[in-house]
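Scroll down for the structure; my scribbles are underneath it.
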Amino acid sequence: MSTNDFDLDQFKATYFEECAELLIDAETRLADLQHNPESVDAEDLNAIFRVVHSVKGGAGAFSFDQLVGFAHIYEALLDRMRQGEIQITEEIVTLLLTANDILTNLIQAAQNGTTLPEESFTEVKNKLNLLAFDQPVSTPAEEGEHETITPDETREKKYIISFNPKPELLQHANEPLLLVREMKELGELETKVNTDRLPPIQKIISDEAYFSWVFELISDCSLSDVEEVFEFVTEDCDLDIKIEEEATEAEAEAKQEEKTKSQQISAEPAEPAEDSSEKSLEATKQQAVEAMQAPTIPTPAPVKPNPAGNTQASQRVSSIRVELDRVDRLVNMVGELVITQAMLRQQVDNLPSELAAFMAKGFEDLGMHTREIQESVMAVRMQPVKSVFARIPRLVRELATKLGKKVELETSGEHTEVDKTVIEQLSDPLTHMIRNSLDHGIEETPEDRIKAGKPELATVTLSAEHRSGRIHIIVTDDGRGINRERVKAKAIEKGIIGPDENLSDEAIDDLIFSPGFSTAEEVTDVSGRGVGMDVVRRNISNLGGRISVQSTSGKGTKFIMSLPLTLAVLDGMVVAVGKEKFIISLTAIIESLRPAKTELHKLSNGAEVVSLRGEYIRLVKLHRLFNIPGAQNDPSQALVVVVEIEGGKQVGILVDELLGQQQVVIKSLEENYDPVEGISAATILGNGMVALILDVDGLDAMARQTSHKQNQDDEKGETRNQPNLITTSLDTKKLGSEEKLTPAQPENTSTIPADTASEAITQKYEVME
Amino acid sequence: MGLKVLTVDDSKTMRDMVSFTLKGAGHSVLEASDGCEALRVLGGDRVDLVITDVNMPNMDGLTLCKEIRSNPTHRLTPILVLTTESDGNKKNEGRSVGATGWIVKPFNPEKLLQVVNKVCP
């Protein structure tokens with residue numbers, strides 16, 4: 001069988017996947033180590049050791065030599081640590097973190113089919129070496145090197161091998177017969193067996209060794225080849241290998257050996273020829289087998305009932321690996337199923353009433369089951385954010401060292417689950433937010449902090465929580481807060497805002513997300529990577545998320561990243577405005593009400609508010625924002641849907657009526673069309689029409705921008721010439737379910753082609769500026 | 001003709017590779033991800049050979065060797081220990097707990113088959 005029969009490349013994917021999991025495990029444990037170096041859990045060190053060990057094992061099989069070399073040294077150090085030979089100090093933990101980092105990079109490089117420049121990690125390697133082997137020089141890690149030791153001569157030689165097994169040999173399940181077989185493959189073999197010690201059969205103990213052998217092997221193989229035959233048994237036998245040269249050179253030595261040989265041979269009855277010795281071997285085996293079955297055999301050791309096996313059983317979580325593609329297909333199909341079901345459900349209403357009632361019951365069940373399927377499928381894709389959070393402690397530690405700051409990281413909510421796609425996209429923005437907090441948020445030096453009356457040790461908090469059907473990831477620092485003067489000056493300098501613009505504090509804070517904005521005096525090694533917070537915001541909004549900042553001067557800054565839990569479905573409330581239908585995420589809705597006239601107020605800046613239990617809630621008039629004709633303008637005649645927006649604030653969305661709850665399948669606008677302000681996505685309703693899903697935070701922002709203008713318009717009694725934004729029929733084909741569309745409903749008249757729609761959006765921006 | 005082999009390793013990559021190699025040579029393979037699981041498998045099955053890693057969670061390979069040797073059903077079952085340690089320490093430890101032989105990583109399919117051949121009739 002050739003090596004080609006065993007193409008190991010096919011296992012690389014599994015290997016790298018496994019590596020990724022292992023590294024996360026190691027990171028998590030290293031982070032623990034970092035936090036409580038005093039109370040080191042031996043199991044932690046063992047586990048980290050095993051990670052590196054496994055990485056190395058696989059790397060060896062695929063000949064990732066650089067990775068093997070590094071892992072070897074790293075592993076050796078961990079080994080010494082777990083044996084307690086090396087004390088765990090802060091420096092060592094830092095070194096381990098760095099080593100882990102390099103390991104990660106090496107794996108990455110191997111995955112990309114490249115290597116890293118050696119000098120990029122020589123320093124760390126030497127440090128590890130020094131600790132692991134008490135020597136700084138790199139020891140080559142290639143194992144098995146000795147196996148290639150020079151087979152100096154290929155001349156035929158005669159090996160005289162005397163082999164006297166101990167009982168352990170058999171007890172370890174080694175088998176002399178197999179050694180004979182192996183030697184025969186090396187060359188011409190003569191076997192002599194000494195059976196003197198064999199007792200009468202009734203006294204035979206199965207795993208006692210009664211025979212000894214002398215082999216004469218004529219072969220051109222090297223001594224190490226012969227030794228390799230006995231590789232596993234050298235300690236379990238008396239073994240003596242002598243070479244009797246066929247050639248006459250070194251005669252004296254040869255004679256000496258001859259002498260040894262004759263002595264050895266004379267020590268045993270020489271009569272059995274090769275054949276008979278083979279036979280007697282067989283016989284011995286037979287006897288051994290019989291003896292084993294004899295009832296008189298003492299049991300060698302008491303049998304333990306394997307207690308460990310049972311106690312561990314309950315801890316195991318069985319799991320399977322499934323390609324993401326398959327899950328995605330499932331998610332997609334379930335989405336279609338939900339739409340189909342909604343469509344059918346609507347048809348039921350058109351049936352004669354007695355039939356409809358019957359069908360409705362069936363649909364209720366079907367709906368329930370569909371929903372359960374959907375939830376189960378979505379759950380498959382959910383993962384705790386832990387995998388992303390695990391990388392952060394190292395990042396903070398490294399940055400803090402680099403920046404000369406003292407920072408402690410607190411994390412919470414790492415078990416919060418979120419869709420895998422969201423997890424994958426989370427890492428970059430999060431890293432950036434953390435960098436930003438450490439670089440810009442926290443005071444330059446510990447002394448600055450002391451001057452400001454704060455503890456020397458700065459705290460950065462990273463937390464995740466479920467909130468309103470979204471996941472909120474919050475990065476807080478107790479640093480100096482945003483320097484609004486400087487931000488404003490910079491924004492003016494960069495031409496982001498006009499020199500005499502009057503901005504609220506919040507608006508100024510928000511400027512840090514503007515493209516091309518960076519307040520760092522110099523582009524630093526830490527934050528300055530050519531990407532600013534604007535990129536962070538863009539990435540997050542691409543995910544249907546938002547990022548906002550709250551800052552108190554001198555007290556600190558808080559970044560709140562809000563992301564959808566899943567990018568596939570949404571529990572929505574269908575609302576009507578004029579003849580349009582919109583979806584509001586159910587999780588955002590707090591209540592809906594029809595306010596009395598006395599509860600409505602208008603603020604001096606033109607904003608309309610409704611007072612609700614002593615609090616003022618800003619009104620967002622959908623028909624105004626989207627210029628929908630025929631909608632109810634008077635809140636006391638319409639409905640106000642109170643929703644929670646970012647930062648826990650509430651706004652009231654003015655709609656004509658609530659049409660009902662429905663689960664909708666999210667169809668991305670970005671992918672199928674273009675992003676639209678105030679709209680987070682689209683969906684297909686039961687009747688085949690496209691409805692837009694409202695982005696309540698976006699709406700709030702829009703309403704703030706336009707409230708003043710609207711106010712003026714209202715007072716002048718003008719109808720603004722804002723183009724209609726709503727294009728209910730916008731390219732439904734792209735949204736994926738054309739074949740399911742019913743013929744356009746008569747009320748669905750506000751349709752304009754997609755081209756016009758995008759034009760409309762451009763115009764709308766003009767209006768707003 | 002084919003042997004029934006139990007491969008024990010916490011690394012799926014390694015199990016996959018061992019399993020693939022052995023199956024390619026006509027053997028049948030059982031898998032376990034640590035010593036505890038291996039003992040459970042052995043509880044219901046007789047095998048011709050056990051190939052185990054040393055470093056594993058829950059129960060390591062050396063403990064597994066001891067457990068196997070102390071069980072009358074399996075006490076003469078050959079056990080090969082997969083090890084990256086070439087310094088001999090692990091080999092000695094392996095031997096002292098009853099391992100039949102060892103395979104020094106890096107994993108190499110041909111070497112594996114060669115060693116299997118060495119300890120199995």
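Ordering of the structure tokens sets the chain letters (A, B, ...); residue numbers start at 1 within each chain; ligands are numbered from 1 in the order shown.
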
Fill in: Polymer residues at most 9 Å from range 472-489 of chain A, only C-alpha atoms, same-chain spacing of 3 or more positions, as a ChimeraX atom specification
/A:430,433-434,437-438,440-443,449,452,454,458-467,492-494,497,499,503,505,508-509,511-512,517-519,550-564

Please identify every residue of range 5-120 of chain B that has at least one atom no farther than 12 Å from an atom of range 50-59 of chain A, counting only C-alpha atoms, and for each give the shortest atom pair and the distance in Å to one decimal, arranged by chain then increasing number, as JSON lines.
```
{"residue": "B:Asp9", "atom": "CA", "partner": "A:Ser54", "partner_atom": "CA", "distance": 9.3}
{"residue": "B:Asp10", "atom": "CA", "partner": "A:Ser54", "partner_atom": "CA", "distance": 8.1}
{"residue": "B:Ser11", "atom": "CA", "partner": "A:Ser54", "partner_atom": "CA", "distance": 6.3}
{"residue": "B:Lys12", "atom": "CA", "partner": "A:Ser54", "partner_atom": "CA", "distance": 9.5}
{"residue": "B:Thr13", "atom": "CA", "partner": "A:Gly58", "partner_atom": "CA", "distance": 6.8}
{"residue": "B:Met14", "atom": "CA", "partner": "A:Gly58", "partner_atom": "CA", "distance": 6.6}
{"residue": "B:Arg15", "atom": "CA", "partner": "A:Gly58", "partner_atom": "CA", "distance": 10.4}
{"residue": "B:Asp16", "atom": "CA", "partner": "A:Gly58", "partner_atom": "CA", "distance": 10.8}
{"residue": "B:Met17", "atom": "CA", "partner": "A:Gly58", "partner_atom": "CA", "distance": 9.4}
{"residue": "B:Val18", "atom": "CA", "partner": "A:Gly58", "partner_atom": "CA", "distance": 11.4}
{"residue": "B:Asp53", "atom": "CA", "partner": "A:Ser54", "partner_atom": "CA", "distance": 9.8}
{"residue": "B:Val54", "atom": "CA", "partner": "A:Arg50", "partner_atom": "CA", "distance": 9.6}
{"residue": "B:Asn55", "atom": "CA", "partner": "A:Arg50", "partner_atom": "CA", "distance": 6.1}
{"residue": "B:Met56", "atom": "CA", "partner": "A:Arg50", "partner_atom": "CA", "distance": 6.9}
{"residue": "B:Pro57", "atom": "CA", "partner": "A:Arg50", "partner_atom": "CA", "distance": 8.1}
{"residue": "B:Asn58", "atom": "CA", "partner": "A:Arg50", "partner_atom": "CA", "distance": 11.8}
{"residue": "B:Asp60", "atom": "CA", "partner": "A:Arg50", "partner_atom": "CA", "distance": 10.6}
{"residue": "B:Leu82", "atom": "CA", "partner": "A:Gly57", "partner_atom": "CA", "distance": 9.6}
{"residue": "B:Thr83", "atom": "CA", "partner": "A:Gly57", "partner_atom": "CA", "distance": 8.6}
{"residue": "B:Thr84", "atom": "CA", "partner": "A:Gly57", "partner_atom": "CA", "distance": 7.0}
{"residue": "B:Glu85", "atom": "CA", "partner": "A:His53", "partner_atom": "CA", "distance": 10.1}
{"residue": "B:Ile103", "atom": "CA", "partner": "A:Gly57", "partner_atom": "CA", "distance": 11.9}
{"residue": "B:Val104", "atom": "CA", "partner": "A:Gly57", "partner_atom": "CA", "distance": 9.9}
{"residue": "B:Lys105", "atom": "CA", "partner": "A:Gly57", "partner_atom": "CA", "distance": 6.5}
{"residue": "B:Pro106", "atom": "CA", "partner": "A:Gly57", "partner_atom": "CA", "distance": 6.1}
{"residue": "B:Phe107", "atom": "CA", "partner": "A:Gly57", "partner_atom": "CA", "distance": 7.2}
{"residue": "B:Asn108", "atom": "CA", "partner": "A:Gly58", "partner_atom": "CA", "distance": 10.6}
```

Worksheet item: Could you write out as an NGL selection string the residues of chain B within 6 Å of chain A, counting only C-alpha atoms?
Response: :B and (13 or 36 or 70-71 or 76-78 or 98-101 or 106-107)

Discussion item. For a test of reading the model, state the distance in Å between CA of Gln341 in chain A and CA of Gln661 in chain A, rounded to one decimal.
Written reply: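 CA of Gln661 in chain A lies 14.4 Å from CA of Gln341 in chain A.
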
Worksheet item: as JSON, numbers by chain, which residues of range 144-250 of chain A does DSSP assign to helix (DSSP H, G or I)?
Response: {"A": [145, 146, 147, 148, 167, 168, 169, 170, 171, 176, 177, 178, 179, 180, 181, 182, 183, 184, 185, 186, 201, 202, 203, 223, 224, 225, 226, 227, 228, 229, 234, 235, 236]}

Go ahead and save the residues from that selection, with C-alpha atoms, as a compact mmCIF listing (two decimals), in the first residue's frame.
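Done, and the output landed in part38.txt:
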```
# COMPACT_ATOMS: atom_id res chain seq x y z
CA GLU A 145 15.10 12.08 13.70
CA HIS A 146 17.12 9.29 15.14
CA GLU A 147 15.18 6.91 12.98
CA THR A 148 17.13 8.06 9.98
CA PRO A 167 6.77 -12.78 32.26
CA GLU A 168 5.97 -9.08 31.76
CA LEU A 169 6.45 -9.52 28.06
CA LEU A 170 3.43 -11.75 27.83
CA GLN A 171 1.49 -9.78 30.37
CA PRO A 176 7.45 -13.82 20.76
CA LEU A 177 5.98 -15.47 17.70
CA LEU A 178 5.31 -12.08 16.17
CA LEU A 179 8.89 -11.04 16.78
CA VAL A 180 10.03 -14.12 14.94
CA ARG A 181 7.73 -13.24 12.09
CA GLU A 182 9.12 -9.75 11.94
CA MET A 183 12.72 -10.92 11.98
CA LYS A 184 12.02 -13.28 9.16
CA GLU A 185 11.15 -10.28 7.05
CA LEU A 186 14.63 -8.91 7.62
CA ILE A 201 1.56 -28.97 31.90
CA GLN A 202 -0.58 -28.85 35.03
CA LYS A 203 1.85 -26.40 36.54
CA LEU A 223 21.77 -3.10 13.92
CA SER A 224 19.09 -0.54 14.63
CA ASP A 225 16.72 -2.44 12.33
CA VAL A 226 17.22 -5.51 14.46
CA GLU A 227 16.87 -3.52 17.65
CA GLU A 228 13.67 -2.08 16.33
CA VAL A 229 12.14 -5.54 16.19
CA THR A 234 13.72 -4.53 25.49
CA GLU A 235 12.80 -4.03 29.13
CA ASP A 236 10.77 -7.18 29.34
```

Worksheet item: In range 20-72 of chain B, what's strand (DSSP E) per DSSP? Answer as a PyMOL selection string?
Response: chain B and resi 28-32+49-53
